[in-house]
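Novice: Sharing a structure below in structure tokens format, with a few things to ask.
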Amino acid sequence: MPVLLLLGLSPAPAAGADRPTAAELDKRITAASRQLEVLVEQYNNSREDLNATRMQTKHLGGRLGPMTRELNQQQEVMADLASRTYQRTRNGPTVALFAADQPQLFVDKLLVLHQLATSEQRAVAELRAARSKVVQTRKMLNALAAQQRRQQFQLRARKATVEGEIGALKQMRAIAYGGGSRYGVSSDVPMPDFIPGRAGRVVAFAFAQLGKPYRWGAAGPNSYDCSGLTLAAWNTAGVGLPHNAARQYGSMAHISRSDLRPGDLVFFYGPISHVGVYIGGGNMIHAPEYGENVRVSSIDTQPIHGFGRPG
């Protein structure tokens with residue numbers, strides 16, 4: 001079924017058919033925007049999973065080369081020991097012992113065979129360990145390759161879903177707002193005079209992004225989604241964050257509202273699907289939704305899940 005019909009909006013209403021009122025259309029756009037943001041954060045989460053899998057694959061792949069070289073070396077050690085044993089005993093250890101017609105020669109050869117046997121046992125153990133490492137690493141790489149294929153399929157599917165929702169939302173916004181904003185003019189909130197430390201760089205960066213467009217999956221420099229903006233802001237302070245609001249919340253210390261200070265992050269909804277940079281005075285800078293620009297808003301315009309302080 002077409003996405004527009006699922007949202008209750010006909011692509012081309014028949015003459016005389018009831019059209020939704022401006023309030024009804026705005027309500028539908030609100031619901032569609034909310035659903036789209038959830039889908040975008042799911043897409044971001046899938047992309048983070050895929051990136052993690054690729055990093056694991058790269059790490060294991062880098063280890064496999066040295067492991068394979070170690071295995072080859074152990075195989076050469078075993079081959080050398082086998083050759084030395086044969087050369088020392090000529091026809092084998094048993095024949096060598098019984099061929100010794102003097103007691104001292106018998107003892108000497110026995111000691112040599114014992115040394116060779118000990119070295120051989122150690123070499124066998126090391127060869128088995130080296131072979132086991134290679135086999136296990138190859139199994140893990142094969143499993144990661146299969147996981148990566150599944151994640152890529154999931155990512156493509158979620159991308160297609162997001163793009164479908166955007167197509168429907170774009171048509172509704174064109175009807176309701178033309179090329180304008182559903183929020184009107186952004187509040188003219190001045191940047192605080194001085195914020196010390198890393199938080200100051202974060203807030204300054206956030207202010208510099210005001211007016212840039214929302215773009216799903218983006219983390220700058222020309223456009224952002226919600227978690228992309230907070231990721232980029234804290235990156236200026238040397239703190240790396242994942243590109244997903246829920247993962248960001250899980251990566252940092254949680255604080256109370258009374259402890260909020262500029263630079264902290266505010267998280268919304270449950271499960272978490274939106275985030276903004278707190279700038280003081282009960283306000284935040286965030287990338288609100290498709291069709292809108294980075295703006296200043298009150299943190300109380302959406303249901304708050306919690307607060308966090310990166311770093």
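Residue numbers start at 1 in each chain; chains themselves are named A, B, ... in the order of the structure tokens; ligands are numbered from 1 in the order shown.
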Can you write out as JSON lines which residues of segment 198-306 of chain A fall within 9 Å of segment 176-186 of chain A, alongside each residue's closest atom pair and its distance in Å to one decimal, counting only C-alpha atoms and ordering rows by chain and ascending residue number?
Specialist:
```
{"residue": "A:Gly211", "atom": "CA", "partner": "A:Ser186", "partner_atom": "CA", "distance": 8.8}
{"residue": "A:Gly291", "atom": "CA", "partner": "A:Ser181", "partner_atom": "CA", "distance": 7.4}
{"residue": "A:Glu292", "atom": "CA", "partner": "A:Ser181", "partner_atom": "CA", "distance": 6.2}
{"residue": "A:Asn293", "atom": "CA", "partner": "A:Ser181", "partner_atom": "CA", "distance": 8.4}
{"residue": "A:Arg295", "atom": "CA", "partner": "A:Ser186", "partner_atom": "CA", "distance": 5.9}
{"residue": "A:Val296", "atom": "CA", "partner": "A:Ser186", "partner_atom": "CA", "distance": 6.2}
{"residue": "A:Ser297", "atom": "CA", "partner": "A:Ser186", "partner_atom": "CA", "distance": 7.7}
```
Novice: Mind writing the picked residues with C-alpha atoms as a short mmCIF file (atom, residue, chain, number, x, y, z; two decimals), in the first residue's frame?
Specialist:
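Below is the file selection.cif, written as the result:
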```
data_model
loop_
_atom_site.label_atom_id
_atom_site.label_comp_id
_atom_site.auth_asym_id
_atom_site.auth_seq_id
_atom_site.Cartn_x
_atom_site.Cartn_y
_atom_site.Cartn_z
CA GLY A 211 20.16 27.45 9.92
CA GLY A 291 12.37 19.73 6.07
CA GLU A 292 13.61 21.91 8.94
CA ASN A 293 16.91 23.59 9.79
CA ARG A 295 17.44 25.68 15.40
CA VAL A 296 17.06 26.73 19.02
CA SER A 297 14.16 25.16 20.91
#
```
Novice: Tell me, as JSON, numbers by chain, which residues lie within 8 Å of segment 188-205 of chain A, counting only C-alpha atoms; anything in the same chain fewer than 6 positions away does not count.
Specialist: {"A": [233, 234, 236, 237, 262, 263, 264, 277, 278, 279, 296]}
Novice: Selected residues, N, CA and C atoms, written as a compact mmCIF listing (two decimals), in the first residue's frame, please.
Specialist:
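Done, and the output landed in selection-v5.txt:
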```
# COMPACT_ATOMS: atom_id res chain seq x y z
N ALA A 233 29.46 18.14 17.18
CA ALA A 233 29.74 19.17 18.19
C ALA A 233 30.78 18.68 19.19
N TRP A 234 30.59 17.48 19.70
CA TRP A 234 31.53 16.98 20.70
C TRP A 234 32.84 16.52 20.09
N THR A 236 34.49 18.31 18.13
CA THR A 236 35.35 19.50 18.20
C THR A 236 36.06 19.60 19.54
N ALA A 237 35.54 18.91 20.55
CA ALA A 237 36.16 18.90 21.87
C ALA A 237 37.00 17.64 22.10
N PRO A 262 25.59 24.11 30.00
CA PRO A 262 25.79 24.18 28.54
C PRO A 262 26.81 23.16 28.05
N GLY A 263 26.48 22.54 26.92
CA GLY A 263 27.32 21.50 26.34
C GLY A 263 26.82 20.10 26.62
N ASP A 264 26.02 19.93 27.69
CA ASP A 264 25.43 18.63 27.97
C ASP A 264 24.43 18.26 26.88
N VAL A 277 21.82 19.61 21.87
CA VAL A 277 22.89 20.20 22.69
C VAL A 277 22.29 21.28 23.58
N TYR A 278 22.41 21.11 24.89
CA TYR A 278 21.89 22.10 25.84
C TYR A 278 22.77 23.35 25.80
N ILE A 279 22.13 24.53 25.76
CA ILE A 279 22.89 25.79 25.69
C ILE A 279 22.58 26.71 26.88
N VAL A 296 17.16 26.68 17.56
CA VAL A 296 17.06 26.73 19.02
C VAL A 296 15.63 26.40 19.41
```
Novice: Pick out the residues sitting within 8 Å of Val162 of chain A, and hand them over as a compact mmCIF listing (two decimals) with all heavy atoms, in the first residue's frame; count only C-alpha atoms, and ignore anything fewer than 3 positions along from it in its own chain.
Specialist:
```
# COMPACT_ATOMS: atom_id res chain seq x y z
N LEU A 36 9.48 9.06 11.12
CA LEU A 36 10.67 9.13 10.28
C LEU A 36 11.93 9.22 11.13
O LEU A 36 12.94 8.57 10.84
CB LEU A 36 10.58 10.34 9.35
CG LEU A 36 11.81 10.58 8.46
CD1 LEU A 36 12.05 9.40 7.53
CD2 LEU A 36 11.65 11.87 7.67
N LEU A 39 12.89 5.88 12.38
CA LEU A 39 13.48 5.09 11.31
C LEU A 39 14.91 5.53 11.02
O LEU A 39 15.80 4.69 10.79
CB LEU A 39 12.64 5.19 10.04
CG LEU A 39 11.26 4.53 10.10
CD1 LEU A 39 10.46 4.87 8.84
CD2 LEU A 39 11.39 3.01 10.22
N VAL A 40 15.14 6.84 11.03
CA VAL A 40 16.49 7.35 10.77
C VAL A 40 17.46 6.88 11.85
O VAL A 40 18.59 6.45 11.55
CB VAL A 40 16.48 8.89 10.70
CG1 VAL A 40 17.90 9.45 10.75
CG2 VAL A 40 15.78 9.35 9.43
N ARG A 158 16.36 -0.59 5.34
CA ARG A 158 15.97 0.57 6.16
C ARG A 158 16.14 1.87 5.38
O ARG A 158 15.35 2.80 5.54
CB ARG A 158 16.79 0.58 7.44
CG ARG A 158 16.27 -0.46 8.43
CD ARG A 158 16.94 -0.42 9.76
NE ARG A 158 16.17 -1.23 10.71
CZ ARG A 158 16.67 -1.79 11.79
NH1 ARG A 158 17.94 -1.62 12.09
NH2 ARG A 158 15.91 -2.51 12.60
N LYS A 159 17.15 1.93 4.53
CA LYS A 159 17.33 3.13 3.70
C LYS A 159 16.14 3.31 2.77
O LYS A 159 15.63 4.42 2.61
CB LYS A 159 18.63 3.00 2.89
CG LYS A 159 18.91 4.22 2.04
CD LYS A 159 20.23 4.07 1.29
CE LYS A 159 20.51 5.30 0.44
NZ LYS A 159 21.79 5.18 -0.31
N GLU A 165 9.33 7.08 3.28
CA GLU A 165 8.65 7.97 4.23
C GLU A 165 8.93 9.44 3.92
O GLU A 165 8.05 10.29 4.04
CB GLU A 165 9.13 7.65 5.66
CG GLU A 165 8.72 6.28 6.18
CD GLU A 165 7.23 6.20 6.48
OE1 GLU A 165 6.62 7.25 6.72
OE2 GLU A 165 6.69 5.09 6.44
N ILE A 166 10.16 9.72 3.47
CA ILE A 166 10.51 11.10 3.12
C ILE A 166 9.69 11.57 1.94
O ILE A 166 9.22 12.72 1.89
CB ILE A 166 12.02 11.21 2.82
CG1 ILE A 166 12.80 11.22 4.14
CG2 ILE A 166 12.34 12.47 2.02
CD1 ILE A 166 14.30 11.27 3.98
```
Novice: Tell me, in Å to one decimal, how far atom CA of Tyr290 of chain A is from atom CA of Leu231 of chain A.
Specialist: 18.2 Å
Novice: DSSP on the backbone, then: every residue of segment 233-275 of chain A marked strand (DSSP E), written as an MDAnalysis selection string.
Specialist: chainID A and resid 253:255 265:268 274:275
Novice: Selected residues, N, CA, C and O atoms, written as a PDB file, in the first residue's frame, please.
Specialist:
```pdb
ATOM      1  N   ALA A 253      28.150   9.614  31.044  1.00  0.00           N
ATOM      2  CA  ALA A 253      27.604   9.735  32.394  1.00  0.00           C
ATOM      3  C   ALA A 253      26.236  10.415  32.333  1.00  0.00           C
ATOM      4  O   ALA A 253      26.037  11.374  31.584  1.00  0.00           O
ATOM      5  N   HIS A 254      25.294   9.909  33.125  1.00  0.00           N
ATOM      6  CA  HIS A 254      23.951  10.487  33.179  1.00  0.00           C
ATOM      7  C   HIS A 254      23.867  11.473  34.345  1.00  0.00           C
ATOM      8  O   HIS A 254      24.438  11.232  35.412  1.00  0.00           O
ATOM      9  N   ILE A 255      23.178  12.556  34.115  1.00  0.00           N
ATOM     10  CA  ILE A 255      23.071  13.606  35.126  1.00  0.00           C
ATOM     11  C   ILE A 255      21.609  13.980  35.316  1.00  0.00           C
ATOM     12  O   ILE A 255      20.748  13.598  34.520  1.00  0.00           O
ATOM     13  N   LEU A 265      24.081  16.991  26.818  1.00  0.00           N
ATOM     14  CA  LEU A 265      23.130  16.524  25.820  1.00  0.00           C
ATOM     15  C   LEU A 265      21.806  16.157  26.475  1.00  0.00           C
ATOM     16  O   LEU A 265      21.779  15.620  27.589  1.00  0.00           O
ATOM     17  N   VAL A 266      20.717  16.461  25.772  1.00  0.00           N
ATOM     18  CA  VAL A 266      19.376  16.147  26.248  1.00  0.00           C
ATOM     19  C   VAL A 266      18.776  15.110  25.303  1.00  0.00           C
ATOM     20  O   VAL A 266      18.790  15.298  24.075  1.00  0.00           O
ATOM     21  N   PHE A 267      18.251  14.033  25.877  1.00  0.00           N
ATOM     22  CA  PHE A 267      17.725  12.913  25.091  1.00  0.00           C
ATOM     23  C   PHE A 267      16.214  12.819  25.263  1.00  0.00           C
ATOM     24  O   PHE A 267      15.683  13.067  26.356  1.00  0.00           O
ATOM     25  N   PHE A 268      15.540  12.407  24.187  1.00  0.00           N
ATOM     26  CA  PHE A 268      14.074  12.446  24.166  1.00  0.00           C
ATOM     27  C   PHE A 268      13.471  11.107  23.734  1.00  0.00           C
ATOM     28  O   PHE A 268      14.072  10.332  23.002  1.00  0.00           O
ATOM     29  N   HIS A 274      15.865  10.952  19.804  1.00  0.00           N
ATOM     30  CA  HIS A 274      16.211  12.335  19.477  1.00  0.00           C
ATOM     31  C   HIS A 274      17.157  12.872  20.548  1.00  0.00           C
ATOM     32  O   HIS A 274      17.119  12.441  21.705  1.00  0.00           O
ATOM     33  N   VAL A 275      18.010  13.845  20.129  1.00  0.00           N
ATOM     34  CA  VAL A 275      18.991  14.395  21.049  1.00  0.00           C
ATOM     35  C   VAL A 275      19.338  15.817  20.600  1.00  0.00           C
ATOM     36  O   VAL A 275      19.283  16.142  19.413  1.00  0.00           O
TER      37      VAL A 275
END
```
Novice: Using only C-alpha atoms, which residues sit within 7 Å of segment 48-51 of chain A once same-chain residues fewer than 6 positions away are excluded, as a list in words?
Specialist: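 Selected residues are Gln148, Gln151 and His243 of chain A.
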Novice: Write a file of the selected residues as a PDB file, in the first residue's frame, keeping N, CA, C and O atoms.
Specialist:
```
ATOM      1  N   GLN A 148      28.166  -9.422   8.207  1.00  0.00           N
ATOM      2  CA  GLN A 148      28.259  -8.186   7.444  1.00  0.00           C
ATOM      3  C   GLN A 148      27.271  -8.184   6.279  1.00  0.00           C
ATOM      4  O   GLN A 148      26.640  -7.157   5.996  1.00  0.00           O
ATOM      5  N   GLN A 151      23.896  -7.434   7.716  1.00  0.00           N
ATOM      6  CA  GLN A 151      23.783  -6.035   8.114  1.00  0.00           C
ATOM      7  C   GLN A 151      23.644  -5.114   6.904  1.00  0.00           C
ATOM      8  O   GLN A 151      22.894  -4.136   6.941  1.00  0.00           O
ATOM      9  N   HIS A 243      27.063   7.526  16.048  1.00  0.00           N
ATOM     10  CA  HIS A 243      26.049   8.266  15.297  1.00  0.00           C
ATOM     11  C   HIS A 243      24.686   7.609  15.527  1.00  0.00           C
ATOM     12  O   HIS A 243      24.071   7.058  14.612  1.00  0.00           O
TER      13      HIS A 243
END
```
Novice: Would you kindly return, as a PyMOL selection string, each protein, DNA or RNA residue with an atom no farther than 10 Å from any atom of Arg47 of chain A, considering only C-alpha atoms and excluding same-chain residues fewer than 3 positions away?
Specialist: chain A and resi 41-44+50-53+151-152+154-155+217+243-244
